[in-house]
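Source file: my_file-v1.cif. Holds: mmCIF, C-alpha atoms.
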```
data_my_file
#
loop_
_atom_site.group_PDB
_atom_site.id
_atom_site.type_symbol
_atom_site.label_atom_id
_atom_site.label_comp_id
_atom_site.auth_asym_id
_atom_site.auth_seq_id
_atom_site.Cartn_x
_atom_site.Cartn_y
_atom_site.Cartn_z
ATOM 1 C CA MET A 21 -108.341 -26.665 110.117
ATOM 2 C CA ASN A 22 -107.288 -25.073 113.387
ATOM 3 C CA LYS A 23 -109.083 -22.475 115.474
ATOM 4 C CA SER A 24 -107.050 -19.555 114.138
ATOM 5 C CA SER A 25 -107.815 -20.310 110.494
ATOM 6 C CA THR A 26 -111.495 -20.733 111.390
ATOM 7 C CA LEU A 27 -111.468 -17.267 112.982
ATOM 8 C CA GLN A 28 -109.687 -15.760 109.961
ATOM 9 C CA ASN A 29 -112.157 -17.333 107.533
ATOM 10 C CA SER A 30 -115.213 -16.338 109.554
ATOM 11 C CA LEU A 31 -114.043 -12.705 109.735
ATOM 12 C CA MET A 32 -113.596 -12.674 105.959
ATOM 13 C CA LEU A 33 -117.143 -13.961 105.529
ATOM 14 C CA ALA A 34 -118.799 -10.659 106.548
ATOM 15 C CA PRO A 35 -117.251 -8.530 103.771
ATOM 16 C CA LEU A 36 -117.509 -11.449 101.374
ATOM 17 C CA ILE A 37 -121.282 -11.583 101.753
ATOM 18 C CA GLY A 38 -121.987 -7.930 102.530
ATOM 19 C CA ALA A 39 -119.836 -6.111 100.000
ATOM 20 C CA THR A 40 -120.150 -8.355 96.958
ATOM 21 C CA ASP A 41 -123.553 -7.235 95.716
ATOM 22 C CA SER A 42 -121.734 -5.754 92.717
ATOM 23 C CA LEU A 43 -118.365 -6.199 91.059
ATOM 24 C CA VAL A 44 -117.319 -2.612 91.777
ATOM 25 C CA SER A 45 -118.046 -2.922 95.489
ATOM 26 C CA ALA A 46 -116.144 -6.190 95.703
ATOM 27 C CA LEU A 47 -113.093 -4.934 93.817
ATOM 28 C CA GLY A 48 -112.985 -1.676 95.744
ATOM 29 C CA LEU A 49 -113.140 -3.369 99.130
ATOM 30 C CA TRP A 50 -110.538 -5.920 98.072
ATOM 31 C CA LEU A 51 -108.240 -3.115 96.928
ATOM 32 C CA MET A 52 -108.727 -1.397 100.275
ATOM 33 C CA PHE A 53 -108.034 -4.710 102.043
ATOM 34 C CA ILE A 54 -104.763 -5.166 100.123
ATOM 35 C CA VAL A 55 -103.579 -1.615 100.858
ATOM 36 C CA VAL A 56 -104.326 -1.807 104.588
ATOM 37 C CA ILE A 57 -103.004 -5.351 105.022
ATOM 38 C CA GLY A 58 -99.820 -4.468 103.133
ATOM 39 C CA ALA A 59 -99.187 -1.279 105.118
ATOM 40 C CA PHE A 60 -99.985 -3.061 108.373
ATOM 41 C CA GLY A 61 -97.609 -5.919 107.585
ATOM 42 C CA VAL A 62 -94.739 -3.578 106.713
ATOM 43 C CA SER A 63 -95.353 -1.428 109.784
ATOM 44 C CA MET A 64 -95.577 -4.366 112.167
ATOM 45 C CA ALA A 65 -92.415 -5.900 110.724
ATOM 46 C CA ALA A 66 -90.599 -2.730 111.767
ATOM 47 C CA LEU A 67 -92.312 -2.502 115.173
ATOM 48 C CA ARG A 68 -92.616 -6.146 116.242
ATOM 49 C CA SER A 69 -89.103 -6.505 117.679
ATOM 50 C CA ARG A 70 -89.393 -3.196 119.578
ATOM 51 C CA LEU A 71 -92.641 -4.062 121.370
ATOM 52 C CA ILE A 72 -92.925 -5.955 124.608
ATOM 53 C CA PRO A 73 -95.587 -8.706 124.589
ATOM 54 C CA ALA A 74 -97.864 -6.787 126.975
ATOM 55 C CA THR A 75 -98.192 -3.835 124.579
ATOM 56 C CA ARG A 76 -98.282 -5.738 121.294
ATOM 57 C CA LEU A 77 -102.073 -6.106 121.169
ATOM 58 C CA LEU A 78 -102.653 -2.423 121.924
ATOM 59 C CA ALA A 79 -100.133 -1.421 119.248
ATOM 60 C CA ASN A 80 -101.839 -3.780 116.757
ATOM 61 C CA VAL A 81 -105.255 -2.277 117.441
ATOM 62 C CA LEU A 82 -104.018 1.323 117.234
ATOM 63 C CA LEU A 83 -102.031 0.739 114.060
ATOM 64 C CA ALA A 84 -104.816 -1.210 112.331
ATOM 65 C CA ALA A 85 -107.462 1.356 113.269
ATOM 66 C CA THR A 86 -105.239 4.238 112.136
ATOM 67 C CA LEU A 87 -104.416 2.661 108.778
ATOM 68 C CA THR A 88 -108.026 1.687 108.145
ATOM 69 C CA SER A 89 -109.292 5.153 109.089
ATOM 70 C CA CYS A 90 -106.753 6.848 106.817
ATOM 71 C CA THR A 91 -107.702 4.525 103.968
ATOM 72 C CA GLU A 92 -111.394 5.192 104.559
ATOM 73 C CA LEU A 93 -110.780 8.947 104.462
ATOM 74 C CA ALA A 94 -108.896 8.529 101.193
ATOM 75 C CA ALA A 95 -111.780 6.436 99.837
ATOM 76 C CA GLN A 96 -114.262 9.144 100.834
ATOM 77 C CA VAL A 97 -112.226 11.752 98.997
ATOM 78 C CA TRP A 98 -111.808 9.492 95.964
ATOM 79 C CA SER A 99 -115.416 8.327 95.665
ATOM 80 C CA LEU A 100 -118.014 9.199 98.264
ATOM 81 C CA GLN A 101 -120.712 7.100 96.545
ATOM 82 C CA TRP A 102 -118.584 3.972 96.713
ATOM 83 C CA HIS A 103 -117.564 4.612 100.309
ATOM 84 C CA GLN A 104 -121.172 5.085 101.392
ATOM 85 C CA HIS A 105 -121.974 1.751 99.802
ATOM 86 C CA VAL A 106 -119.230 -0.323 101.485
ATOM 87 C CA GLY A 107 -118.010 1.885 104.347
ATOM 88 C CA PHE A 108 -119.302 -0.393 107.085
ATOM 89 C CA TYR A 109 -117.370 -3.381 105.766
ATOM 90 C CA ALA A 110 -114.194 -1.346 105.340
ATOM 91 C CA GLY A 111 -114.106 -0.886 109.108
ATOM 92 C CA LEU A 112 -113.825 -4.641 109.551
ATOM 93 C CA ILE A 113 -110.413 -4.604 107.864
ATOM 94 C CA ALA A 114 -108.841 -3.282 111.079
ATOM 95 C CA LEU A 115 -110.193 -6.235 113.022
ATOM 96 C CA GLN A 116 -108.939 -8.571 110.313
ATOM 97 C CA CYS A 117 -105.430 -7.064 110.613
ATOM 98 C CA VAL A 118 -105.342 -7.672 114.366
ATOM 99 C CA VAL A 119 -106.524 -11.264 113.982
ATOM 100 C CA LEU A 120 -104.050 -11.975 111.184
ATOM 101 C CA GLU A 121 -101.202 -10.593 113.303
ATOM 102 C CA HIS A 122 -102.310 -12.641 116.304
ATOM 103 C CA THR A 123 -102.418 -15.870 114.281
ATOM 104 C CA GLY A 124 -98.975 -15.356 112.745
ATOM 105 C CA PHE A 125 -100.081 -14.541 109.215
ATOM 106 C CA PHE A 126 -97.472 -11.815 108.778
ATOM 107 C CA GLN A 127 -94.665 -14.121 109.920
ATOM 108 C CA SER A 128 -95.555 -16.754 107.298
ATOM 109 C CA ALA A 129 -93.973 -16.980 103.861
ATOM 110 C CA TRP A 130 -94.875 -14.211 101.439
ATOM 111 C CA ARG A 131 -96.218 -16.775 98.960
ATOM 112 C CA ASP A 132 -98.749 -18.018 101.507
ATOM 113 C CA ARG A 133 -99.848 -14.453 102.256
ATOM 114 C CA LEU A 134 -100.105 -13.606 98.572
ATOM 115 C CA ARG A 135 -102.084 -16.789 97.900
ATOM 116 C CA LEU A 136 -104.596 -16.025 100.675
ATOM 117 C CA CYS A 137 -105.064 -12.402 99.560
ATOM 118 C CA GLY A 138 -105.387 -13.458 95.916
ATOM 119 C CA LEU A 139 -107.881 -16.182 96.761
ATOM 120 C CA PHE A 140 -109.923 -13.738 98.832
ATOM 121 C CA GLY A 141 -109.900 -11.211 95.975
ATOM 122 C CA ALA A 142 -110.837 -13.798 93.365
ATOM 123 C CA LEU A 143 -113.686 -15.063 95.522
ATOM 124 C CA MET A 144 -114.937 -11.515 96.142
ATOM 125 C CA ALA A 145 -114.752 -10.579 92.451
ATOM 126 C CA GLY A 146 -116.373 -13.827 91.333
ATOM 127 C CA LEU A 147 -119.186 -13.546 93.841
ATOM 128 C CA GLY A 148 -119.625 -9.863 92.954
ATOM 129 C CA VAL A 149 -119.966 -10.660 89.242
ATOM 130 C CA LEU A 150 -122.437 -13.482 89.879
ATOM 131 C CA ARG A 151 -124.558 -11.525 92.337
ATOM 132 C CA GLU A 152 -124.689 -8.445 90.124
ATOM 133 C CA PHE A 153 -125.552 -10.491 87.045
ATOM 134 C CA ILE A 154 -128.217 -12.593 88.761
ATOM 135 C CA GLY A 155 -129.611 -9.737 90.887
ATOM 136 C CA ASN A 156 -129.556 -6.790 88.490
ATOM 137 C CA GLY A 157 -128.837 -8.287 85.092
ATOM 138 C CA THR A 158 -125.918 -5.887 84.648
ATOM 139 C CA PHE A 159 -122.141 -5.957 84.666
ATOM 140 C CA ALA A 160 -120.022 -3.196 86.280
ATOM 141 C CA SER A 161 -122.983 -0.892 86.768
ATOM 142 C CA HIS A 162 -121.157 1.433 89.180
ATOM 143 C CA LEU A 163 -117.764 1.465 87.472
ATOM 144 C CA PRO A 164 -117.370 5.278 87.658
ATOM 145 C CA TRP A 165 -117.359 4.970 91.462
ATOM 146 C CA LEU A 166 -113.991 3.207 91.383
ATOM 147 C CA ALA A 167 -112.662 5.585 88.760
ATOM 148 C CA GLY A 168 -113.474 8.502 91.062
ATOM 149 C CA THR A 169 -115.827 10.145 88.574
ATOM 150 C CA ALA A 170 -119.520 10.863 88.812
ATOM 151 C CA GLN A 171 -121.141 9.933 85.527
ATOM 152 C CA ALA A 172 -124.856 9.810 86.181
ATOM 153 C CA ASP A 173 -125.655 8.386 82.745
ATOM 154 C CA TRP A 174 -123.434 5.271 83.065
ATOM 155 C CA GLN A 175 -125.606 2.244 83.785
ATOM 156 C CA GLY A 176 -123.131 -0.528 83.093
ATOM 157 C CA TRP A 177 -123.635 -3.228 80.552
ATOM 158 C CA ALA A 178 -127.209 -4.492 80.696
ATOM 159 C CA LEU A 179 -127.182 -8.227 80.098
ATOM 160 C CA THR A 180 -130.881 -8.860 80.624
ATOM 161 C CA ALA A 181 -133.773 -6.583 79.782
ATOM 162 C CA ASP A 182 -135.975 -7.362 82.768
ATOM 163 C CA GLY A 183 -133.404 -6.850 85.535
ATOM 164 C CA GLY A 184 -132.887 -9.924 87.621
ATOM 165 C CA LEU A 185 -133.626 -11.763 90.816
ATOM 166 C CA ARG A 186 -133.389 -9.090 93.525
ATOM 167 C CA LEU A 187 -132.719 -11.675 96.261
ATOM 168 C CA ALA A 188 -129.221 -12.267 94.863
ATOM 169 C CA THR A 189 -128.130 -8.728 95.763
ATOM 170 C CA LEU A 190 -129.291 -9.068 99.371
ATOM 171 C CA ALA A 191 -127.285 -10.782 102.128
ATOM 172 C CA PRO A 192 -129.478 -13.931 102.256
ATOM 173 C CA GLY A 193 -129.019 -14.322 98.512
ATOM 174 C CA GLY A 194 -125.261 -14.012 98.993
ATOM 175 C CA PHE A 195 -125.324 -16.811 101.559
ATOM 176 C CA ILE A 196 -127.462 -18.979 99.275
ATOM 177 C CA LEU A 197 -125.187 -18.378 96.279
ATOM 178 C CA LEU A 198 -122.044 -19.035 98.323
ATOM 179 C CA GLY A 199 -123.578 -22.254 99.645
ATOM 180 C CA LEU A 200 -124.430 -23.355 96.100
ATOM 181 C CA LEU A 201 -120.886 -22.588 94.947
ATOM 182 C CA ILE A 202 -119.391 -24.582 97.837
ATOM 183 C CA ALA A 203 -121.732 -27.497 97.093
ATOM 184 C CA ALA A 204 -120.772 -27.386 93.401
ATOM 185 C CA HIS A 205 -117.083 -27.337 94.320
ATOM 186 C CA GLN A 206 -117.481 -30.343 96.618
ATOM 187 C CA ALA A 207 -119.493 -32.231 93.985
ATOM 188 C CA TRP A 208 -116.819 -31.465 91.384
ATOM 189 C CA ASN A 209 -114.055 -32.752 93.676
ATOM 190 C CA ARG A 210 -115.947 -35.979 94.370
ATOM 191 C CA SER A 211 -116.560 -36.692 90.709
ATOM 192 C CA THR A 212 -112.887 -36.519 89.726
ATOM 193 C CA PRO A 213 -111.030 -39.727 90.588
ATOM 194 C CA PRO A 214 -107.968 -39.355 92.846
ATOM 195 C CA HIS A 215 -104.583 -40.039 91.259
#
```

Take the structure I supplied and represent it as structure tokens, if you would.
Amino acid sequence: MNKSSTLQNSLMLAPLIGATDSLVSALGLWLMFIVVIGAFGVSMAALRSRLIPATRLLANVLLAATLTSCTELAAQVWSLQWHQHVGFYAGLIALQCVVLEHTGFFQSAWRDRLRLCGLFGALMAGLGVLREFIGNGTFASHLPWLAGTAQADWQGWALTADGGLRLATLAPGGFILLGLLIAAHQAWNRSTPPH
């Protein structure tokens, strides 16, 4: 693991822990991530050859901030409740775009880019489902937020009657759950014999 992949992974950790307290928050932020990353990659592919190296970083920052701001405005129009819930983490997408451009992510093969974005989305959705189930005892409790509707009576599917362990919906609970999942993954890999 080199320094650039460590920086990429550590920047993805903040939205992974902060915005996965529910499935809807995780899916919405991942969708926003895909839209901004895709638009940024297409735009930089057109601009990269026209920029001199001294202005490339400034162009990256301006383009990433513009695309993220436009996407955040669209998210506010679509669902203000959802945006208020994850708006802070949406701003980190611009920084992620700049770092990914700097490390050569957009020059890599499209399969590698698709694999990383898919893995990030699967991890966000999985952690969102687990944290919502353990913390609230529900599944998709804020689904109307992503649909852009305001149904006050929708409570999601209640899976437990007494709620859940509130710590799982907080950031420390997210770190604990992620650590347990990493430990389980490492234990699973050690128990299977190599071929």

task = Any chance you could resolve the PyMOL selection byres ((chain A and resi 107) around 12) against this file and give the residues as a ChimeraX atom specification?
result = /A:35,38-39,45-46,48-49,52,88-89,91-96,99-106,108-113

message = Please list as number ranges by chain every residue within 12 Å of stretch 68-79 of chain A, counting all atoms listed in the file and excluding residues in the same chain fewer than 6 positions away.
response = A: 60-62, 85-86, 115, 117-124, 126-127

task = Could you tell me how far atom CA of A:Ala207 lies from atom CA of A:Arg131, in Å and to one decimal?
result =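 These two atoms are separated by 28.4 Å.
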
request  = Please evaluate the PyMOL selection byres ((chain A and resi 40) around 12) against the structure above and give the resulting residues as a PyMOL selection string.
outcome  = chain A and resi 32-39+41-50+105-106+109+140-153+155+160+188-191+193-195+197-198

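Atom CA of A:Ile154 is found 22.2 Å from atom CA of A:Trp208.
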
message = Given only C-alpha atoms as the basis, pick out the residue of A:Ala114, A:Leu136, A:Ala65, A:Ile54 nearest to A:Leu82.
response =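 Looking only at the distances to A:Leu82, the closest residue turns out to be A:Ala114.
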
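In this model, the gap between atom CA of A:Leu51 and atom CA of A:Cys137 comes to 10.2 Å.
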
query = Out of A:Trp130, A:Leu83, A:Gly199, A:Leu187, which residue has the shortest atom-to-atom distance to A:Val56 when counting all atoms listed in the file?
reply = A:Leu83

ask   = Of the candidates A:Gln206, A:Ser128, A:Asn80, A:Ser211, which shows the shortest atom-to-atom distance to A:Leu67, using all atoms listed in the file?
value =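 Counting all atoms listed in the file, the residue closest to A:Leu67 is A:Asn80.
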